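One file, data_3.txt, carrying compact mmCIF, C-alpha atoms:
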```
# COMPACT_ATOMS: atom_id res chain seq x y z
CA MET C 1 0.00 0.00 0.00
CA THR C 2 1.40 3.38 -0.96
CA ARG C 3 1.17 6.23 1.56
CA SER C 4 -0.24 9.29 -0.12
CA ARG C 5 1.85 12.35 0.67
CA LEU C 6 0.03 15.61 1.28
CA THR C 7 0.51 18.28 -1.36
CA PRO C 8 2.16 21.51 -0.15
CA GLU C 9 -1.16 23.34 -0.74
CA ARG C 10 -3.01 20.81 1.41
CA GLU C 11 -0.39 21.07 4.13
CA ALA C 12 -0.67 24.87 4.08
CA GLN C 13 -4.47 24.58 4.46
CA LEU C 14 -4.05 22.28 7.45
CA TYR C 15 -1.57 24.62 9.14
CA GLU C 16 -3.81 27.62 8.57
CA ALA C 17 -6.74 25.72 10.14
CA VAL C 18 -4.59 24.81 13.16
CA LEU C 19 -3.62 28.48 13.71
CA ASP C 20 -7.24 29.61 13.28
CA LEU C 21 -8.34 27.07 15.88
CA LEU C 22 -5.52 28.14 18.21
CA ARG C 23 -6.72 31.74 18.05
CA GLU C 24 -10.35 30.70 18.52
CA VAL C 25 -10.18 28.11 21.29
CA GLY C 26 -6.58 28.15 22.58
CA TYR C 27 -4.19 25.23 22.86
CA ASP C 28 -6.17 23.33 25.47
CA GLY C 29 -9.37 23.63 23.46
CA LEU C 30 -7.70 22.49 20.24
CA THR C 31 -8.29 18.78 19.57
CA MET C 32 -7.14 16.54 16.73
CA ASP C 33 -10.86 15.84 16.18
CA ALA C 34 -11.51 19.54 15.64
CA VAL C 35 -8.58 19.84 13.22
CA ALA C 36 -9.82 16.78 11.33
CA ALA C 37 -13.38 18.14 11.16
CA ARG C 38 -12.32 21.64 10.13
CA THR C 39 -10.05 20.35 7.36
CA ARG C 40 -12.18 17.35 6.33
CA SER C 41 -9.31 14.99 6.87
CA SER C 42 -9.00 11.81 8.93
CA LYS C 43 -7.33 11.74 12.32
CA ALA C 44 -5.21 8.85 11.01
CA THR C 45 -3.73 11.17 8.37
CA LEU C 46 -2.99 13.84 10.96
CA TYR C 47 -1.29 11.43 13.35
CA ARG C 48 0.65 9.71 10.54
CA GLN C 49 2.02 13.04 9.41
CA TRP C 50 2.70 14.76 12.75
CA LYS C 51 2.64 12.10 15.50
CA SER C 52 1.23 14.40 18.19
CA LYS C 53 -0.67 17.60 18.87
CA PRO C 54 2.40 19.52 20.16
CA GLU C 55 4.31 18.59 17.01
CA LEU C 56 1.41 19.61 14.74
CA VAL C 57 1.05 22.96 16.51
CA ALA C 58 4.79 23.68 16.49
CA THR C 59 5.01 22.76 12.78
CA ALA C 60 2.02 24.96 11.95
CA LEU C 61 3.64 27.88 13.76
CA LYS C 62 6.94 27.29 12.04
CA HIS C 63 5.21 27.16 8.67
CA SER C 64 3.34 30.43 9.30
CA LYS C 65 6.52 32.23 10.19
CA PRO C 66 7.84 34.00 7.11
CA VAL C 67 11.08 35.14 8.76
CA HIS C 68 13.90 32.70 8.23
CA VAL C 69 16.66 34.70 9.81
CA GLY C 70 19.31 32.37 8.41
CA ASP C 71 18.55 33.49 4.80
CA ILE C 72 19.18 37.18 5.46
CA ASP C 73 22.55 38.64 4.43
CA THR C 74 22.51 42.31 3.40
CA GLY C 75 26.15 43.10 4.19
CA THR C 76 25.62 45.10 7.40
CA LEU C 77 24.20 44.17 10.78
CA ARG C 78 21.81 47.11 10.76
CA GLY C 79 20.65 46.09 7.29
CA ASP C 80 20.17 42.47 8.35
CA PHE C 81 18.11 43.47 11.40
CA HIS C 82 15.98 45.86 9.37
CA ALA C 83 15.39 43.16 6.73
CA MET C 84 14.35 40.79 9.53
CA ILE C 85 11.71 43.21 10.80
CA GLY C 86 10.65 44.11 7.26
CA ARG C 87 9.69 40.51 6.52
CA THR C 88 6.64 40.60 8.79
CA ASP C 89 4.04 43.27 8.08
CA ASP C 90 2.16 44.97 10.93
CA CYS C 91 -1.01 43.00 10.40
CA GLN C 92 0.86 39.69 10.63
CA MET C 93 2.82 40.97 13.62
CA GLU C 94 -0.40 41.70 15.49
CA LYS C 95 -1.65 38.16 14.77
CA ASP C 96 1.69 36.67 15.87
CA SER C 97 1.61 38.69 19.05
CA ALA C 98 -1.90 37.45 19.87
CA LEU C 99 -0.92 33.83 19.16
CA MET C 100 2.14 34.16 21.38
CA ARG C 101 0.16 35.53 24.32
CA GLY C 102 -2.35 32.72 23.80
CA LEU C 103 0.39 30.10 23.88
CA ALA C 104 2.28 31.44 26.90
CA GLN C 105 0.18 29.56 29.43
CA ALA C 106 0.07 26.38 27.30
CA ILE C 107 3.88 26.39 26.95
CA HIS C 108 4.09 26.48 30.73
CA ALA C 109 1.48 23.77 31.30
CA HIS C 110 2.64 21.37 28.56
CA PRO C 111 6.37 20.59 28.57
CA ASP C 112 5.96 18.56 25.36
CA LEU C 113 4.65 21.64 23.53
CA HIS C 114 7.47 23.72 24.99
CA GLU C 115 9.98 21.12 23.79
CA ALA C 116 8.46 20.93 20.27
CA LEU C 117 8.43 24.73 19.96
CA ARG C 118 12.02 25.02 21.09
CA GLU C 119 13.18 22.32 18.74
CA LEU C 120 11.22 23.36 15.63
CA LEU C 121 10.96 27.10 16.05
CA VAL C 122 13.19 28.70 18.68
CA GLU C 123 16.46 26.85 18.08
CA PRO C 124 16.54 27.17 14.27
CA GLU C 125 15.89 30.93 14.57
CA ILE C 126 18.57 31.30 17.24
CA THR C 127 20.99 29.37 15.00
CA GLY C 128 20.12 31.73 12.11
CA LEU C 129 20.58 34.75 14.35
CA ASP C 130 23.94 33.41 15.53
CA ALA C 131 25.13 33.10 11.91
CA LEU C 132 24.02 36.67 11.19
CA LEU C 133 25.86 37.93 14.30
CA ARG C 134 28.98 35.90 13.47
CA ARG C 135 29.15 37.59 10.08
CA ALA C 136 28.93 40.99 11.82
CA VAL C 137 31.82 39.95 14.08
CA ASP C 138 33.82 38.74 11.06
CA ARG C 139 33.25 42.06 9.30
CA GLY C 140 34.53 43.85 12.40
CA GLU C 141 31.17 45.52 13.15
CA VAL C 142 30.84 43.89 16.57
CA SER C 143 33.64 42.95 18.94
CA ALA C 144 33.86 39.16 19.37
CA ASP C 145 33.82 39.50 23.16
CA ASN C 146 30.84 41.87 23.36
CA PRO C 147 28.75 40.43 26.21
CA ALA C 148 25.47 41.49 24.56
CA LEU C 149 26.00 38.97 21.72
CA GLY C 150 24.41 36.19 23.76
CA TYR C 151 21.37 38.29 24.59
CA VAL C 152 20.16 39.35 21.15
CA PRO C 153 17.24 36.85 21.20
CA HIS C 154 16.21 38.09 24.66
CA MET C 155 16.29 41.72 23.52
CA LEU C 156 14.30 41.14 20.35
CA VAL C 157 11.77 38.55 21.48
CA GLY C 158 11.41 40.32 24.83
CA ALA C 159 10.47 43.67 23.32
CA PHE C 160 8.07 41.93 20.94
CA VAL C 161 6.33 40.06 23.74
CA VAL C 162 6.04 42.77 26.40
CA ARG C 163 5.00 45.84 24.42
CA HIS C 164 1.35 44.89 24.85
CA LEU C 165 1.68 44.75 28.64
CA ILE C 166 3.76 47.91 28.98
CA GLU C 167 2.23 50.22 26.38
CA ASP C 168 -1.15 48.58 25.74
CA ARG C 169 -0.22 48.36 22.04
CA THR C 170 0.86 45.40 19.94
CA PRO C 171 4.34 45.51 18.38
CA ASP C 172 4.72 46.84 14.84
CA GLN C 173 7.55 47.53 12.42
CA ALA C 174 8.01 51.15 13.50
CA PHE C 175 8.36 50.12 17.16
CA LEU C 176 10.80 47.28 16.47
CA THR C 177 12.90 49.40 14.11
CA ASP C 178 13.19 52.16 16.68
CA TYR C 179 13.97 49.65 19.45
CA LEU C 180 16.67 48.14 17.29
CA ASP C 181 18.35 51.50 16.73
CA ALA C 182 17.87 52.68 20.32
CA VAL C 183 18.76 49.49 22.20
CA VAL C 184 20.02 46.48 20.27
CA LEU C 185 22.64 48.11 18.05
CA PRO C 186 24.02 50.41 20.81
CA ALA C 187 24.27 47.44 23.21
CA LEU C 188 26.29 45.66 20.51
CA GLY C 189 28.48 48.76 20.14
CA VAL C 190 27.28 49.44 16.56
CA MET F 1 -23.56 49.95 61.59
CA THR F 2 -19.76 50.19 61.52
CA ARG F 3 -17.85 48.55 58.68
CA SER F 4 -15.07 46.41 60.05
CA ARG F 5 -11.78 47.03 58.28
CA LEU F 6 -9.57 44.06 57.55
CA THR F 7 -6.34 43.91 59.52
CA PRO F 8 -3.14 43.98 57.45
CA GLU F 9 -2.46 40.37 58.48
CA ARG F 10 -5.89 39.31 57.26
CA GLU F 11 -5.40 41.16 54.00
CA ALA F 12 -2.03 39.48 53.47
CA GLN F 13 -3.67 36.07 54.04
CA LEU F 14 -6.34 36.85 51.46
CA TYR F 15 -3.78 37.97 48.88
CA GLU F 16 -1.68 34.87 49.46
CA ALA F 17 -4.75 32.69 48.95
CA VAL F 18 -5.58 34.50 45.70
CA LEU F 19 -2.04 33.92 44.35
CA ASP F 20 -2.13 30.25 45.41
CA LEU F 21 -5.42 29.80 43.60
CA LEU F 22 -4.06 31.59 40.52
CA ARG F 23 -1.12 29.16 40.38
CA GLU F 24 -3.42 26.18 40.96
CA VAL F 25 -6.38 26.89 38.68
CA GLY F 26 -5.43 29.94 36.59
CA TYR F 27 -7.33 33.18 36.21
CA ASP F 28 -10.37 31.68 34.50
CA GLY F 29 -10.69 28.97 37.14
CA LEU F 30 -10.42 31.42 40.02
CA THR F 31 -13.82 32.40 41.42
CA MET F 32 -14.79 34.74 44.21
CA ASP F 33 -16.56 31.71 45.74
CA ALA F 34 -13.27 29.79 45.81
CA VAL F 35 -11.46 32.74 47.40
CA ALA F 36 -14.22 33.06 50.01
CA ALA F 37 -14.12 29.33 50.78
CA ARG F 38 -10.33 29.14 50.95
CA THR F 39 -10.08 32.13 53.27
CA ARG F 40 -13.28 31.47 55.26
CA SER F 41 -14.60 34.91 54.46
CA SER F 42 -17.88 36.07 52.96
CA LYS F 43 -18.21 37.08 49.33
CA ALA F 44 -19.81 40.31 50.56
CA THR F 45 -16.56 41.19 52.35
CA LEU F 46 -14.50 40.46 49.25
CA TYR F 47 -16.70 42.54 46.96
CA ARG F 48 -16.95 45.40 49.49
CA GLN F 49 -13.17 45.56 49.70
CA TRP F 50 -12.19 44.97 46.05
CA LYS F 51 -15.26 45.51 43.86
CA SER F 52 -14.30 42.94 41.22
CA LYS F 53 -12.17 39.89 40.48
CA PRO F 54 -9.70 41.77 38.22
CA GLU F 55 -9.16 44.35 40.94
CA LEU F 56 -8.68 41.68 43.63
CA VAL F 57 -6.16 39.81 41.47
CA ALA F 58 -4.24 42.97 40.51
CA THR F 59 -4.13 44.09 44.16
CA ALA F 60 -2.94 40.66 45.29
CA LEU F 61 -0.16 40.75 42.69
CA LYS F 62 0.82 44.26 43.69
CA HIS F 63 0.90 43.26 47.34
CA SER F 64 3.12 40.24 46.64
CA LYS F 65 5.62 42.33 44.76
CA PRO F 66 8.40 43.34 47.14
CA VAL F 67 10.15 45.63 44.62
CA HIS F 68 8.98 49.19 44.86
CA VAL F 69 11.34 50.73 42.37
CA GLY F 70 10.43 54.24 43.49
CA ASP F 71 12.02 53.68 46.92
CA ILE F 72 15.45 52.78 45.53
CA ASP F 73 18.15 55.48 45.53
CA THR F 74 21.71 54.25 45.94
CA GLY F 75 23.46 57.15 44.22
CA THR F 76 24.38 55.41 40.95
CA LEU F 77 22.28 53.91 38.17
CA ARG F 78 24.16 50.63 38.29
CA GLY F 79 23.66 50.50 42.05
CA ASP F 80 19.94 51.25 41.70
CA PHE F 81 19.46 48.49 39.10
CA HIS F 82 21.40 45.98 41.17
CA ALA F 83 19.34 46.88 44.25
CA MET F 84 16.19 46.37 42.18
CA ILE F 85 17.24 42.85 41.21
CA GLY F 86 18.53 42.11 44.72
CA ARG F 87 15.08 42.69 46.22
CA THR F 88 13.62 39.50 44.75
CA ASP F 89 15.35 36.25 45.60
CA ASP F 90 15.62 33.44 43.05
CA CYS F 91 12.87 31.36 44.60
CA GLN F 92 10.44 34.27 44.47
CA MET F 93 11.55 35.12 40.93
CA GLU F 94 10.70 31.62 39.77
CA LYS F 95 7.24 31.92 41.32
CA ASP F 96 6.73 35.36 39.74
CA SER F 97 7.81 34.03 36.37
CA ALA F 98 5.31 31.15 36.59
CA LEU F 99 2.50 33.52 37.62
CA MET F 100 3.31 35.84 34.74
CA ARG F 101 3.20 33.06 32.17
CA GLY F 102 -0.07 31.89 33.68
CA LEU F 103 -1.57 35.36 33.40
CA ALA F 104 -0.43 36.13 29.83
CA GLN F 105 -3.44 34.51 28.21
CA ALA F 106 -5.88 35.93 30.80
CA ILE F 107 -4.53 39.45 30.26
CA HIS F 108 -5.26 39.02 26.58
CA ALA F 109 -8.73 37.56 27.07
CA HIS F 110 -9.90 39.96 29.81
CA PRO F 111 -9.36 43.65 29.05
CA ASP F 112 -10.62 44.55 32.55
CA LEU F 113 -7.81 42.48 34.11
CA HIS F 114 -5.30 44.06 31.73
CA GLU F 115 -6.56 47.51 32.72
CA ALA F 116 -6.42 46.74 36.47
CA LEU F 117 -2.89 45.34 36.16
CA ARG F 118 -1.70 48.34 34.18
CA GLU F 119 -3.23 50.79 36.62
CA LEU F 120 -2.20 49.10 39.87
CA LEU F 121 1.03 47.39 38.93
CA VAL F 122 2.63 48.41 35.63
CA GLU F 123 2.17 52.17 35.71
CA PRO F 124 3.38 52.75 39.31
CA GLU F 125 6.52 50.69 38.58
CA ILE F 126 7.15 52.57 35.33
CA THR F 127 6.72 55.84 37.22
CA GLY F 128 9.25 54.62 39.81
CA LEU F 129 11.64 53.56 37.06
CA ASP F 130 11.26 56.95 35.37
CA ALA F 131 12.22 58.72 38.61
CA LEU F 132 15.27 56.49 38.99
CA LEU F 133 16.32 57.21 35.39
CA ARG F 134 15.69 60.94 35.79
CA ARG F 135 18.08 61.01 38.73
CA ALA F 136 20.71 59.26 36.57
CA VAL F 137 20.21 61.94 33.90
CA ASP F 138 20.45 64.70 36.54
CA ARG F 139 23.70 63.21 37.83
CA GLY F 140 25.06 63.21 34.27
CA GLU F 141 25.31 59.40 34.07
CA VAL F 142 22.91 59.16 31.13
CA SER F 143 22.45 61.70 28.36
CA ALA F 144 18.96 63.26 28.48
CA ASP F 145 18.37 62.48 24.80
CA ASN F 146 19.50 58.84 24.92
CA PRO F 147 16.82 57.02 22.91
CA ALA F 148 17.09 53.87 25.07
CA LEU F 149 15.62 55.76 28.07
CA GLY F 150 12.06 55.01 26.93
CA TYR F 151 12.78 51.31 26.50
CA VAL F 152 14.14 50.36 29.92
CA PRO F 153 10.86 48.63 30.94
CA HIS F 154 10.86 46.67 27.67
CA MET F 155 14.46 45.57 28.16
CA LEU F 156 14.01 44.49 31.76
CA VAL F 157 10.53 42.95 31.67
CA GLY F 158 11.25 41.43 28.25
CA ALA F 159 14.35 39.55 29.40
CA PHE F 160 12.50 38.39 32.52
CA VAL F 161 9.56 37.06 30.53
CA VAL F 162 11.32 35.35 27.61
CA ARG F 163 14.23 33.58 29.28
CA HIS F 164 12.04 30.54 29.87
CA LEU F 165 11.15 30.28 26.18
CA ILE F 166 14.66 30.94 24.87
CA GLU F 167 16.84 29.08 27.36
CA ASP F 168 14.36 26.73 29.01
CA ARG F 169 15.33 28.25 32.37
CA THR F 170 13.47 30.66 34.61
CA PRO F 171 15.10 34.05 35.26
CA ASP F 172 17.27 34.45 38.36
CA GLN F 173 19.41 37.17 39.93
CA ALA F 174 22.63 36.06 38.19
CA PHE F 175 20.95 36.19 34.77
CA LEU F 176 19.33 39.58 35.31
CA THR F 177 22.51 41.08 36.75
CA ASP F 178 24.54 39.90 33.77
CA TYR F 179 21.88 41.11 31.31
CA LEU F 180 21.89 44.49 33.04
CA ASP F 181 25.66 44.86 32.65
CA ALA F 182 25.74 43.42 29.11
CA VAL F 183 22.69 45.13 27.61
CA VAL F 184 20.80 47.71 29.65
CA LEU F 185 23.69 49.85 30.92
CA PRO F 186 25.60 49.82 27.58
CA ALA F 187 22.41 50.78 25.69
CA LEU F 188 22.09 53.72 28.10
CA GLY F 189 25.73 54.61 27.46
CA VAL F 190 26.79 53.86 31.07
```

Entire entry expressed as structure tokens:
Amino acid sequence: MTRSRLTPEREAQLYEAVLDLLREVGYDGLTMDAVAARTRSSKATLYRQWKSKPELVATALKHSKPVHVGDIDTGTLRGDFHAMIGRTDDCQMEKDSALMRGLAQAIHAHPDLHEALRELLVEPEITGLDALLRRAVDRGEVSADNPALGYVPHMLVGAFVVRHLIEDRTPDQAFLTDYLDAVVLPALGV
Amino acid sequence: MTRSRLTPEREAQLYEAVLDLLREVGYDGLTMDAVAARTRSSKATLYRQWKSKPELVATALKHSKPVHVGDIDTGTLRGDFHAMIGRTDDCQMEKDSALMRGLAQAIHAHPDLHEALRELLVEPEITGLDALLRRAVDRGEVSADNPALGYVPHMLVGAFVVRHLIEDRTPDQAFLTDYLDAVVLPALGV
């Protein structure tokens, strides 16, 4: 018996349905039954392809994320950072911010989701960011022993996550660009 | 008829019970009935004192928070920041971090909770932080037009909130102290 592979279009539909359900009912409310019903697919197909709910959710999030930091290489650190922010428009950023707040509790309550997110989403982006920073060090833009180098993910993700709490506004490109120029680049000595 | 005021000890007990319930059942699971039962008080007392659940929760969080940034004045910005971090021990920081993750979704889902938290907790701390930063500017430690001045809450709260996601470890004093010296003070030009 041959196993039918999902087409990329079909996969994209499934991921979109998962993210819609996440926004509507949250991680705890999201069931494989609901995903199957929403996408008119069988639970067997879902489990064959993704093994578990945490893996499906992490893969859907990874798929929705249009920033692959590792691909960016403009020739300057400032240019790379700006390109990174420019890849996500404000509307998408607002949706990402809402998803992230919705997942914060679930990440805490479900170590398997936390693990899947770290493995599929967080670590590849941190690896990409490290490559981008290493190039800046090689070009002589940042000193190799600058202690802020290890905190770039904290600075960027942190500002993204907490703006809503601190300013009652979701993050957007203008905010992140200004934060980059005011905080991240000066901390790196650029 | 005279209205009996709660003693400070009794108030502290009530707040502790609210935070315990928050950790156990989350914001949505927390009911005024449960608080009344846990603390052997009447719902009438709770509502007379706090008006609503968001206000009770925000007040309990504020009460538990031993850092009142506004009180700190060591004579240098670095000293003030270190004193700020030193006021919360690692055990308490881990509990605060868990509470914060647990509240992230509730803040999003309940604008009245978000509003109460901003009013009772976030804004007073930002006001305290502003005073601390203004003194650093007056002493000539930080330039008055440094663009990072407006982002100190984002830097500090951001690093606190995202360490768990990025490093799979809760924030502690050693981490925050190092982040302060590597990121926050250099961004401020100190």

Calculate how many Å separate CA of Asp178 (chain F) from CA of Pro147 (chain C), rounding to one decimal.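 Pair CA of Asp178 (chain F) / CA of Pro147 (chain C) returns 8.7 Å.
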
Pose of chain F fitted onto chain C, C-alpha LSQ, given as a compact mmCIF listing (two decimals) with C-alpha atoms, in the coordinates of the input:
```txt
# COMPACT_ATOMS: atom_id res chain seq x y z
CA MET F 1 -0.20 0.00 -0.26
CA THR F 2 1.31 3.39 -1.13
CA ARG F 3 1.11 6.21 1.40
CA SER F 4 -0.23 9.33 -0.23
CA ARG F 5 1.85 12.39 0.60
CA LEU F 6 0.04 15.64 1.25
CA THR F 7 0.53 18.32 -1.38
CA PRO F 8 2.14 21.55 -0.16
CA GLU F 9 -1.17 23.36 -0.74
CA ARG F 10 -3.00 20.82 1.41
CA GLU F 11 -0.38 21.11 4.13
CA ALA F 12 -0.67 24.90 4.11
CA GLN F 13 -4.46 24.59 4.49
CA LEU F 14 -4.04 22.28 7.47
CA TYR F 15 -1.57 24.61 9.16
CA GLU F 16 -3.83 27.60 8.60
CA ALA F 17 -6.73 25.70 10.16
CA VAL F 18 -4.60 24.79 13.18
CA LEU F 19 -3.63 28.46 13.73
CA ASP F 20 -7.26 29.58 13.32
CA LEU F 21 -8.35 27.04 15.90
CA LEU F 22 -5.54 28.11 18.25
CA ARG F 23 -6.74 31.73 18.08
CA GLU F 24 -10.37 30.65 18.53
CA VAL F 25 -10.18 28.06 21.30
CA GLY F 26 -6.59 28.12 22.60
CA TYR F 27 -4.18 25.23 22.90
CA ASP F 28 -6.17 23.29 25.50
CA GLY F 29 -9.36 23.59 23.47
CA LEU F 30 -7.71 22.45 20.25
CA THR F 31 -8.27 18.75 19.56
CA MET F 32 -7.11 16.54 16.74
CA ASP F 33 -10.83 15.81 16.17
CA ALA F 34 -11.49 19.52 15.63
CA VAL F 35 -8.57 19.81 13.21
CA ALA F 36 -9.80 16.75 11.31
CA ALA F 37 -13.36 18.11 11.14
CA ARG F 38 -12.30 21.62 10.11
CA THR F 39 -10.03 20.34 7.36
CA ARG F 40 -12.16 17.35 6.31
CA SER F 41 -9.28 14.98 6.84
CA SER F 42 -8.96 11.80 8.87
CA LYS F 43 -7.31 11.71 12.27
CA ALA F 44 -5.18 8.83 10.95
CA THR F 45 -3.71 11.18 8.33
CA LEU F 46 -2.96 13.84 10.94
CA TYR F 47 -1.27 11.42 13.32
CA ARG F 48 0.67 9.71 10.50
CA GLN F 49 2.04 13.06 9.39
CA TRP F 50 2.67 14.77 12.75
CA LYS F 51 2.65 12.12 15.49
CA SER F 52 1.24 14.39 18.20
CA LYS F 53 -0.66 17.60 18.89
CA PRO F 54 2.41 19.51 20.18
CA GLU F 55 4.31 18.60 17.03
CA LEU F 56 1.41 19.60 14.76
CA VAL F 57 1.04 22.95 16.53
CA ALA F 58 4.79 23.67 16.50
CA THR F 59 5.01 22.76 12.80
CA ALA F 60 2.01 24.95 11.98
CA LEU F 61 3.62 27.88 13.80
CA LYS F 62 6.93 27.29 12.06
CA HIS F 63 5.19 27.15 8.70
CA SER F 64 3.34 30.42 9.32
CA LYS F 65 6.52 32.22 10.21
CA PRO F 66 7.82 33.99 7.11
CA VAL F 67 11.08 35.14 8.75
CA HIS F 68 13.88 32.70 8.23
CA VAL F 69 16.66 34.68 9.82
CA GLY F 70 19.30 32.34 8.41
CA ASP F 71 18.52 33.45 4.83
CA ILE F 72 19.17 37.14 5.50
CA ASP F 73 22.54 38.59 4.44
CA THR F 74 22.51 42.24 3.40
CA GLY F 75 26.14 43.02 4.18
CA THR F 76 25.62 45.05 7.37
CA LEU F 77 24.20 44.15 10.77
CA ARG F 78 21.80 47.07 10.73
CA GLY F 79 20.64 46.06 7.26
CA ASP F 80 20.17 42.44 8.36
CA PHE F 81 18.09 43.46 11.40
CA HIS F 82 15.96 45.83 9.35
CA ALA F 83 15.38 43.12 6.74
CA MET F 84 14.34 40.77 9.55
CA ILE F 85 11.71 43.21 10.79
CA GLY F 86 10.64 44.09 7.24
CA ARG F 87 9.67 40.48 6.52
CA THR F 88 6.61 40.59 8.78
CA ASP F 89 4.02 43.25 8.07
CA ASP F 90 2.14 44.96 10.90
CA CYS F 91 -1.04 42.98 10.39
CA GLN F 92 0.84 39.69 10.62
CA MET F 93 2.81 40.96 13.62
CA GLU F 94 -0.40 41.69 15.49
CA LYS F 95 -1.65 38.17 14.77
CA ASP F 96 1.69 36.67 15.86
CA SER F 97 1.62 38.70 19.05
CA ALA F 98 -1.89 37.46 19.88
CA LEU F 99 -0.91 33.84 19.18
CA MET F 100 2.15 34.18 21.38
CA ARG F 101 0.17 35.54 24.31
CA GLY F 102 -2.34 32.75 23.82
CA LEU F 103 0.39 30.12 23.90
CA ALA F 104 2.31 31.45 26.93
CA GLN F 105 0.20 29.58 29.45
CA ALA F 106 0.08 26.40 27.31
CA ILE F 107 3.87 26.39 26.96
CA HIS F 108 4.09 26.49 30.73
CA ALA F 109 1.48 23.79 31.30
CA HIS F 110 2.64 21.38 28.57
CA PRO F 111 6.37 20.61 28.59
CA ASP F 112 5.96 18.55 25.39
CA LEU F 113 4.64 21.64 23.56
CA HIS F 114 7.48 23.72 25.00
CA GLU F 115 9.98 21.12 23.80
CA ALA F 116 8.45 20.92 20.30
CA LEU F 117 8.42 24.72 19.98
CA ARG F 118 12.02 25.00 21.13
CA GLU F 119 13.18 22.29 18.76
CA LEU F 120 11.22 23.34 15.67
CA LEU F 121 10.96 27.08 16.08
CA VAL F 122 13.20 28.69 18.70
CA GLU F 123 16.46 26.85 18.14
CA PRO F 124 16.55 27.15 14.31
CA GLU F 125 15.89 30.91 14.60
CA ILE F 126 18.58 31.30 17.27
CA THR F 127 20.98 29.38 15.04
CA GLY F 128 20.11 31.72 12.16
CA LEU F 129 20.58 34.75 14.40
CA ASP F 130 23.94 33.40 15.57
CA ALA F 131 25.13 33.09 11.96
CA LEU F 132 24.02 36.65 11.23
CA LEU F 133 25.87 37.92 14.32
CA ARG F 134 28.97 35.88 13.49
CA ARG F 135 29.15 37.56 10.10
CA ALA F 136 28.93 40.96 11.83
CA VAL F 137 31.83 39.93 14.08
CA ASP F 138 33.82 38.69 11.06
CA ARG F 139 33.25 42.00 9.29
CA GLY F 140 34.53 43.82 12.39
CA GLU F 141 31.18 45.51 13.12
CA VAL F 142 30.84 43.89 16.54
CA SER F 143 33.65 42.97 18.91
CA ALA F 144 33.88 39.18 19.37
CA ASP F 145 33.83 39.53 23.16
CA ASN F 146 30.85 41.91 23.35
CA PRO F 147 28.76 40.47 26.20
CA ALA F 148 25.48 41.55 24.56
CA LEU F 149 26.01 39.01 21.73
CA GLY F 150 24.40 36.23 23.78
CA TYR F 151 21.36 38.35 24.61
CA VAL F 152 20.15 39.39 21.16
CA PRO F 153 17.24 36.88 21.23
CA HIS F 154 16.21 38.15 24.67
CA MET F 155 16.30 41.77 23.53
CA LEU F 156 14.32 41.18 20.35
CA VAL F 157 11.77 38.59 21.50
CA GLY F 158 11.42 40.38 24.85
CA ALA F 159 10.47 43.72 23.32
CA PHE F 160 8.07 41.97 20.95
CA VAL F 161 6.33 40.10 23.76
CA VAL F 162 6.04 42.83 26.41
CA ARG F 163 5.01 45.88 24.41
CA HIS F 164 1.36 44.92 24.84
CA LEU F 165 1.69 44.81 28.63
CA ILE F 166 3.77 47.97 28.95
CA GLU F 167 2.22 50.26 26.34
CA ASP F 168 -1.14 48.61 25.72
CA ARG F 169 -0.21 48.38 22.03
CA THR F 170 0.85 45.41 19.94
CA PRO F 171 4.34 45.52 18.39
CA ASP F 172 4.71 46.85 14.84
CA GLN F 173 7.54 47.53 12.41
CA ALA F 174 8.01 51.16 13.49
CA PHE F 175 8.36 50.14 17.15
CA LEU F 176 10.79 47.30 16.47
CA THR F 177 12.89 49.40 14.11
CA ASP F 178 13.18 52.18 16.67
CA TYR F 179 13.97 49.70 19.47
CA LEU F 180 16.66 48.16 17.27
CA ASP F 181 18.35 51.52 16.70
CA ALA F 182 17.88 52.71 20.30
CA VAL F 183 18.77 49.53 22.19
CA VAL F 184 20.02 46.51 20.27
CA LEU F 185 22.65 48.13 18.03
CA PRO F 186 24.04 50.43 20.79
CA ALA F 187 24.29 47.46 23.20
CA LEU F 188 26.31 45.68 20.50
CA GLY F 189 28.48 48.77 20.12
CA VAL F 190 27.31 49.43 16.52
```

Determine, counting only C-alpha atoms, which protein, DNA and RNA residues have an atom within 9 Å of an atom of Glu94 (chain F); residues of the same chain fewer than 3 positions away are not included. Present the result as a list of chain:residue names.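 Final neighbour list, sorted by chain and number: F:Asp89, F:Asp90, F:Cys91, F:Ser97, F:Ala98, F:Leu99, F:Thr170, F:Pro171, F:Asp172.
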
For CA of Ser143 (chain C) and CA of Leu77 (chain C), quote the distance in Å rounded to one decimal.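 If I compute the distance from CA of Ser143 (chain C) to CA of Leu77 (chain C), I get 12.5 Å.
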
Atomic distance CA of Arg40 (chain F) - CA of Gln92 (chain F), expressed in Å with one decimal: 26.2 Å

Which residues, protein or nucleic acid, reach to within 12 Å of (6.5, 27.6, 10.7) in the file's coordinates when using only C-alpha atoms, and can you give that as a ChimeraX atom specification? /C:11-12,15-16,18-19,55-68,96,116-117,119-122,124-125

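For the choices C:Ser52, C:Thr76, C:Ser42, C:Thr31, the atom-to-atom distance to Glu141 (chain C) is smallest for C:Thr76 when using all atoms listed in the file.
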